[in-house]
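Text of query20.cif (mmCIF, C-alpha atoms) as supplied:
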data_protein
#
loop_
_atom_site.label_atom_id
_atom_site.label_comp_id
_atom_site.auth_asym_id
_atom_site.auth_seq_id
_atom_site.Cartn_x
_atom_site.Cartn_y
_atom_site.Cartn_z
CA MET T 1 27.98 -9.40 -5.55
CA ASN T 2 26.65 -5.91 -5.04
CA SER T 3 22.95 -6.07 -5.85
CA LEU T 4 22.94 -2.41 -6.90
CA ILE T 5 24.88 -3.30 -10.05
CA PHE T 6 22.33 -5.65 -11.49
CA GLY T 7 18.84 -5.17 -12.86
CA ILE T 8 16.01 -7.54 -12.10
CA LEU T 9 13.38 -9.05 -14.34
CA MET T 10 9.94 -7.80 -13.37
CA THR T 11 6.60 -9.40 -14.09
CA ILE T 12 4.34 -7.03 -16.00
CA VAL T 13 0.61 -6.80 -15.40
CA SER T 14 -1.91 -4.66 -17.26
CA PHE T 15 -4.40 -2.59 -15.26
CA ARG T 16 -6.61 -1.77 -18.24
CA SER T 17 -9.56 -3.89 -19.26
CA GLY T 18 -10.07 -5.36 -22.72
CA SER T 19 -7.30 -5.05 -25.30
CA ALA T 20 -6.28 -1.44 -24.66
CA TRP T 21 -2.71 -2.42 -23.90
CA VAL T 22 -2.31 -6.22 -23.89
CA PRO T 23 -0.29 -7.09 -27.03
CA SER T 24 -1.31 -9.62 -29.64
CA GLN T 25 0.31 -13.04 -29.48
CA SER T 26 2.42 -12.22 -32.52
CA LEU T 27 4.06 -9.30 -30.73
CA ASN T 28 7.15 -10.23 -28.71
CA LYS T 29 8.38 -6.80 -27.71
CA ARG T 30 7.16 -3.23 -27.38
CA HIS T 31 9.24 -0.09 -27.17
CA ALA T 32 8.77 2.42 -24.39
CA THR T 33 7.31 5.08 -26.66
CA GLY T 34 3.96 3.40 -27.29
CA SER T 35 2.09 3.81 -30.56
CA LYS T 36 -1.45 4.93 -29.80
CA ALA T 37 -3.07 8.35 -29.88
CA ILE T 38 -3.87 9.72 -26.44
CA THR T 39 -7.44 8.83 -25.58
CA SER T 40 -9.74 10.32 -22.97
CA LEU T 41 -8.93 8.99 -19.51
CA LYS T 42 -11.29 8.75 -16.60
CA GLN T 43 -10.33 10.66 -13.48
CA ALA T 44 -9.05 8.32 -10.80
CA ALA T 45 -10.39 8.64 -7.28
CA GLY T 46 -7.04 9.76 -5.88
CA SER T 47 -4.71 12.62 -6.78
CA LEU T 48 -2.47 12.47 -9.84
CA HIS T 49 1.17 13.54 -9.99
CA GLY T 50 1.56 17.15 -8.83
CA GLU T 51 -1.92 17.45 -7.35
CA GLN T 52 -2.39 18.40 -3.68
CA SER T 53 1.37 18.24 -3.09
CA CYS T 54 1.49 14.56 -4.11
CA PHE T 55 4.42 13.57 -6.30
CA LEU T 56 5.31 10.25 -7.87
CA PRO T 57 8.85 8.85 -7.36
CA LEU T 58 9.95 9.63 -10.93
CA LYS T 59 13.20 8.59 -12.56
CA GLN T 60 14.11 10.20 -15.90
CA LEU T 61 16.55 8.18 -18.02
CA ASP T 62 19.47 9.87 -19.79
CA GLN T 63 19.78 9.90 -23.58
CA ASP T 64 22.91 7.75 -23.24
CA TYR T 65 21.39 5.29 -20.75
CA TYR T 66 21.87 1.62 -21.69
CA SER T 67 19.05 -0.52 -20.32
CA PRO T 68 19.79 -4.02 -19.00
CA ARG T 69 19.15 -6.57 -21.77
CA ILE T 70 16.76 -9.46 -21.35
CA VAL T 71 18.66 -12.59 -22.42
CA GLN T 72 17.06 -16.03 -22.54
CA ILE T 73 18.84 -19.05 -21.03
CA ALA T 74 19.40 -21.93 -23.44
CA GLY T 75 20.19 -24.53 -20.78
CA ALA T 76 22.94 -25.97 -18.60
CA TYR T 77 26.37 -27.17 -19.75
CA PRO T 78 27.49 -29.93 -19.96
CA GLY T 79 24.47 -31.68 -21.39
CA LEU T 80 23.16 -28.80 -23.51
CA THR T 81 21.88 -29.98 -26.89
CA VAL T 82 22.09 -28.17 -30.23
CA GLU T 83 18.29 -28.09 -30.38
CA GLU T 84 18.09 -26.39 -26.98
CA PHE T 85 20.85 -23.96 -27.95
CA ASN T 86 19.05 -22.91 -31.14
CA ALA T 87 15.56 -22.90 -29.65
CA VAL T 88 15.86 -19.67 -27.65
CA GLN T 89 15.20 -16.30 -29.24
CA SER T 90 17.16 -13.08 -28.95
CA GLU T 91 15.87 -9.54 -29.26
CA GLU T 92 17.45 -6.32 -30.46
CA ALA T 93 19.12 -4.15 -27.85
CA PRO T 94 16.92 -1.30 -26.55
CA VAL T 95 17.40 2.16 -28.05
CA SER T 96 19.59 4.34 -25.84
CA GLY T 97 17.48 6.03 -23.18
CA GLN T 98 14.66 3.52 -23.56
CA TRP T 99 13.86 -0.12 -22.80
CA THR T 100 12.08 -3.08 -24.35
CA TYR T 101 9.66 -5.68 -23.01
CA ASP T 102 9.78 -9.42 -23.49
CA PHE T 103 6.59 -11.19 -24.54
CA SER T 104 8.13 -14.57 -25.35
CA ASP T 105 5.44 -16.42 -23.38
CA PRO T 106 2.12 -14.77 -24.36
CA ASP T 107 0.18 -17.70 -22.92
CA GLY T 108 1.78 -17.44 -19.48
CA PRO T 109 0.12 -15.90 -16.40
CA GLN T 110 2.16 -12.72 -16.79
CA VAL T 111 1.85 -10.33 -19.74
CA GLY T 112 5.62 -10.13 -20.12
CA THR T 113 8.86 -9.13 -18.42
CA VAL T 114 11.03 -6.03 -18.32
CA ALA T 115 14.52 -5.43 -16.89
CA ILE T 116 14.79 -2.72 -14.23
CA GLU T 117 18.17 -1.37 -13.16
CA GLY T 118 19.16 -2.29 -9.62
CA SER T 119 18.99 0.28 -6.84
CA GLN T 120 18.21 0.50 -3.13
CA VAL T 121 14.55 1.09 -4.00
CA VAL T 122 14.39 -1.96 -6.26
CA GLN T 123 16.33 -4.09 -3.78
CA GLY T 124 13.96 -3.12 -0.97
CA CYS T 125 10.85 -4.13 -2.89
CA ASP T 126 9.63 -7.30 -1.15
CA ASP T 127 6.90 -8.35 -3.63
CA PRO T 128 7.56 -6.44 -6.87
CA VAL T 129 5.36 -6.25 -9.92
CA ALA T 130 5.55 -3.87 -12.88
CA ILE T 131 2.66 -2.01 -14.51
CA ILE T 132 2.89 -0.22 -17.84
CA ALA T 133 1.04 3.10 -17.60
CA GLU T 134 0.50 5.83 -20.19
CA HIS T 135 1.85 9.12 -18.87
CA PRO T 136 -1.48 11.04 -18.94
CA SER T 137 -3.12 8.42 -16.71
CA LEU T 138 -0.72 9.37 -13.90
CA GLY T 139 -0.63 13.10 -14.60
CA VAL T 140 3.08 13.04 -15.50
CA PRO T 141 3.89 16.08 -17.69
CA LEU T 142 5.98 15.48 -20.82
CA PRO T 143 6.78 17.78 -23.77
CA GLU T 144 3.67 18.89 -25.67
CA THR T 145 5.30 17.79 -28.93
CA LEU T 146 4.64 14.19 -27.86
CA THR T 147 1.17 13.60 -29.26
CA ASP T 148 1.17 9.86 -28.56
CA PRO T 149 1.05 8.43 -25.04
CA VAL T 150 4.41 7.44 -23.61
CA ASP T 151 4.76 4.18 -21.70
CA LEU T 152 6.07 4.53 -18.15
CA ILE T 153 7.25 1.63 -15.98
CA VAL T 154 5.50 1.66 -12.61
CA LEU T 155 7.19 -0.48 -9.95
CA VAL T 156 4.74 -1.60 -7.26
CA ASP T 157 5.44 -3.42 -4.00
CA ARG T 158 2.46 -5.67 -3.27
CA ALA T 159 3.81 -6.34 0.25
CA ARG T 160 2.97 -2.74 1.22
CA ASN T 161 -0.82 -2.94 1.29
CA THR T 162 -1.65 -0.49 4.08
CA PHE T 163 -2.58 3.19 3.85
CA ALA T 164 0.09 5.89 3.75
CA GLU T 165 -0.70 9.59 3.53
CA ARG T 166 0.07 11.20 0.12
CA LYS T 167 1.79 8.06 -1.13
CA PHE T 168 0.70 6.67 -4.49
CA LEU T 169 -1.31 3.52 -3.97
CA VAL T 170 -2.67 0.86 -6.28
CA ILE T 171 -6.24 0.20 -5.19
CA ASP T 172 -9.03 -2.09 -6.31
CA ASN T 173 -12.04 0.22 -6.59
CA PRO T 174 -15.20 -1.93 -6.57
CA THR T 175 -16.91 0.44 -9.02
CA SER T 176 -14.10 0.96 -11.55
CA GLY T 177 -11.38 -1.66 -10.97
CA ILE T 178 -7.69 -0.99 -10.38
CA GLU T 179 -6.68 2.66 -9.99
CA ILE T 180 -3.44 4.45 -9.10
CA GLY T 181 -3.62 7.59 -6.99
CA ALA T 182 -2.61 9.36 -3.80
CA PHE T 183 -4.89 10.29 -0.92
CA GLN T 184 -4.59 12.84 1.85
CA THR T 185 -6.58 10.71 4.28
CA LYS T 186 -7.78 7.12 4.37
CA ALA T 187 -11.37 8.39 4.31
CA GLU T 188 -10.81 9.68 0.74
CA ILE T 189 -10.34 6.14 -0.58
CA PRO T 190 -13.56 4.95 -2.26
CA ALA T 191 -15.68 2.80 0.05
CA GLY T 192 -15.01 -0.91 -0.26
CA SER T 193 -11.67 -0.44 -2.00
CA THR T 194 -8.69 -2.70 -1.28
CA ILE T 195 -5.11 -1.42 -1.19
CA LEU T 196 -3.06 -3.70 -3.43
CA GLY T 197 0.36 -2.06 -3.15
CA HIS T 198 2.51 1.09 -3.09
CA VAL T 199 4.19 2.73 -6.08
CA LEU T 200 7.94 2.81 -5.39
CA LEU T 201 9.29 3.97 -8.74
CA VAL T 202 8.06 5.40 -12.05
CA GLN T 203 10.63 5.13 -14.85
CA ILE T 204 10.42 7.59 -17.75
CA PRO T 205 12.23 6.97 -21.04
CA TRP T 206 14.34 9.55 -22.82
CA LEU T 207 12.89 10.37 -26.25
CA PRO T 208 14.28 12.51 -29.09
CA ALA T 209 11.58 15.13 -28.47
CA MET T 210 13.02 15.73 -25.00
CA LYS T 211 15.85 18.12 -24.29
CA PRO T 212 19.30 16.52 -23.92
CA THR T 213 20.41 15.51 -20.45
CA LYS T 214 23.83 15.89 -18.87
CA SER T 215 24.37 19.38 -20.25
CA GLY T 216 26.47 20.26 -17.22
CA PHE T 217 23.75 22.45 -15.70
CA MET T 218 21.45 20.76 -13.17
CA GLU T 219 18.57 23.13 -13.89
CA GLU T 220 18.67 22.11 -17.56
CA ASP T 221 19.10 18.38 -16.98
CA GLU T 222 16.02 17.72 -14.88
CA TYR T 223 12.40 17.79 -16.01
CA PHE T 224 11.04 17.08 -12.55
#
What would the structure in this file look like if it were written as structure tokens?
Amino acid sequence: MNSLIFGILMTIVSFRSGSAWVPSQSLNKRHATGSKAITSLKQAAGSLHGEQSCFLPLKQLDQDYYSPRIVQIAGAYPGLTVEEFNAVQSEEAPVSGQWTYDFSDPDGPQVGTVAIEGSQVVQGCDDPVAIIAEHPSLGVPLPETLTDPVDLIVLVDRARNTFAERKFLVIDNPTSGIEIGAFQTKAEIPAGSTILGHVLLVQIPWLPAMKPTKSGFMEEDEYF
């Protein structure tokens, strides 16, 4: 079947230390809007979105976008038991223009999973992993009426671990940990840092505070 039709389940990792984002074990899903007040963020070593002609590969969802749903598998038939059938959990469908995360295995090596719509970019990602980033940490501008940080899905290909000019990289900075930023030259990367992957896609939810999309006028439908 055409792989562009289907979304894929991505493993989510957190790049913040402590409990700044990692959910409690009782939480099994989190909406894309987030729920925390915007806190002060340290300046990453590299450029943020829009700085020095460096731009993230942003994708703005429409207000009528229906995200792929994460559905658990109960088992194989024939042979499926009633206990197995009833054991799996289901979650509410995401709000239009947004998505939800699955935290059904809080003790697993991953933080959770999220469904990302299929595309050539997603299909071409050899070693994908998802990071949840608050929009100010990447320099992504959103309406000023949004006083809380908005969660963005950052799709990273860990197979691409070499330098590329003005591309957004995930690096392991020995003095501050994992950072996301773009660099004009390889010499700008902090000494001793390791390139962990390239950012291939940043997905932005549609929120009620945003202007409607699909108005019929391209200049009105695009934030970026």
Task: Atomic distance CA of Thr145 in chain T - CA of Ala209 in chain T, expressed in Å with one decimal - done: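 Calculated distance between CA of Thr145 in chain T and CA of Ala209 in chain T is 6.8 Å.
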- [ ] Using the chain letters and residue numbers of this document, give as a list in words the residues selected by the PyMOL selection byres ((chain T and resi 169-185) around 7).
- [x] Phe15, Ala44, Ala45, Gly46, Ser47, Leu48, Cys54, Glu165, Arg166, Lys167, Phe168, Lys186, Ala187, Glu188, Ile189, Pro190, Gly192, Ser193, Thr194, Ile195, Leu196, Gly197, His198 and Val199 of chain T
Draw an axis-aligned box tight on the listed atoms of range 85-88 of chain T, then pad every side by 8 Å and write out centre and edge lengths in Å to one decimal as lines of an AutoDock Vina configuration file.
center_x = 18.2
center_y = -21.8
center_z = -29.4
size_x = 21.3
size_y = 20.3
size_z = 19.5
Open item on the list: Considering all atoms listed in the file, can you say which of T:Val140, T:Leu146, T:Leu155, T:Val129 comes closest to Phe55 in chain T?
Closed with: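 For Phe55 in chain T, the nearest of the given residues is T:Val140.
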Task: Lys59 in chain T surroundings by only C-alpha atoms, 8 Å radius, close-in-sequence under 2 positions cut, as an MDAnalysis selection string - done: chainID T and resid 57 61 201:204
Can I get the selected residues back with C-alpha atoms, as a PDB file, in the frame of the given file?
ATOM      1  CA  PRO T  57       8.850   8.850  -7.360  1.00  0.00           C
ATOM      2  CA  LEU T  61      16.550   8.180 -18.020  1.00  0.00           C
ATOM      3  CA  LEU T 201       9.290   3.970  -8.740  1.00  0.00           C
ATOM      4  CA  VAL T 202       8.060   5.400 -12.050  1.00  0.00           C
ATOM      5  CA  GLN T 203      10.630   5.130 -14.850  1.00  0.00           C
ATOM      6  CA  ILE T 204      10.420   7.590 -17.750  1.00  0.00           C
TER       7      ILE T 204
END
Open item on the list: For the PyMOL selection byres ((chain T and resi 78-91) around 9), applied here, can you spell out every residue it catches as a PyMOL selection string?
Closed with: chain T and resi 28-29+69-77+92-94+100+102+104
Output file for the selection above: C-alpha atoms, as an mmCIF file, in the frame of the given file:
data_model
loop_
_atom_site.group_PDB
_atom_site.id
_atom_site.type_symbol
_atom_site.label_atom_id
_atom_site.label_comp_id
_atom_site.auth_asym_id
_atom_site.auth_seq_id
_atom_site.Cartn_x
_atom_site.Cartn_y
_atom_site.Cartn_z
ATOM 1 C CA ASN T 28 7.150 -10.230 -28.710
ATOM 2 C CA LYS T 29 8.380 -6.800 -27.710
ATOM 3 C CA ARG T 69 19.150 -6.570 -21.770
ATOM 4 C CA ILE T 70 16.760 -9.460 -21.350
ATOM 5 C CA VAL T 71 18.660 -12.590 -22.420
ATOM 6 C CA GLN T 72 17.060 -16.030 -22.540
ATOM 7 C CA ILE T 73 18.840 -19.050 -21.030
ATOM 8 C CA ALA T 74 19.400 -21.930 -23.440
ATOM 9 C CA GLY T 75 20.190 -24.530 -20.780
ATOM 10 C CA ALA T 76 22.940 -25.970 -18.600
ATOM 11 C CA TYR T 77 26.370 -27.170 -19.750
ATOM 12 C CA GLU T 92 17.450 -6.320 -30.460
ATOM 13 C CA ALA T 93 19.120 -4.150 -27.850
ATOM 14 C CA PRO T 94 16.920 -1.300 -26.550
ATOM 15 C CA THR T 100 12.080 -3.080 -24.350
ATOM 16 C CA ASP T 102 9.780 -9.420 -23.490
ATOM 17 C CA SER T 104 8.130 -14.570 -25.350
#
Task: Residue nearest Ala159 in chain T - candidates T:Pro208, T:Pro141, T:Gly108, T:Pro128, atoms counted: only C-alpha atoms - done: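 The closest residue to Ala159 in chain T is T:Pro128.
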Open item on the list: If the PyMOL selection byres ((chain T and resi 133) around 9) were run on this exact file, what residues would it hold? Put them as a list in words.
Closed with: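 This file, filtered by the PyMOL selection byres ((chain T and resi 133) around 9), leaves Ser14, Phe15, Ile131, Ile132, Glu134, His135, Pro136, Ser137, Leu138, Val150, Asp151, Leu152, Ile153 and Val154 of chain T.
CA of Trp206 in chain T sits 18.8 Å away from CA of His49 in chain T.
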- [ ] Figure out the distance between CA of Glu117 in chain T and CA of Ser96 in chain T, please, to one decimal in Å.
- [x]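 We find that CA of Ser96 in chain T and CA of Glu117 in chain T lie 14.0 Å from each other.
Of the residues under consideration (T:Ala115, T:Leu142, T:Val156, T:Val121), T:Leu142 shows the shortest atom-to-atom contact distance to Leu207 in chain T when counting only C-alpha atoms.
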- [ ] Have a look at T:Ser119, T:Gln98, T:Gln52, T:Thr147 and name the one nearest to Tyr66 in chain T; count all atoms listed in the file.
- [x] T:Gln98
Task: Pick from T:Gln123, T:Ser53, T:Trp99, T:Pro205, whichever lies nearest to Pro149 in chain T using all atoms listed in the file - done: T:Pro205
- [ ] Could you check which of T:Ser67, T:Gly118, T:Asp127, T:Asp148 is closest to Tyr101 in chain T, using only C-alpha atoms?
- [x]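 The shortest atom-to-atom distance to Tyr101 in chain T comes from T:Ser67.
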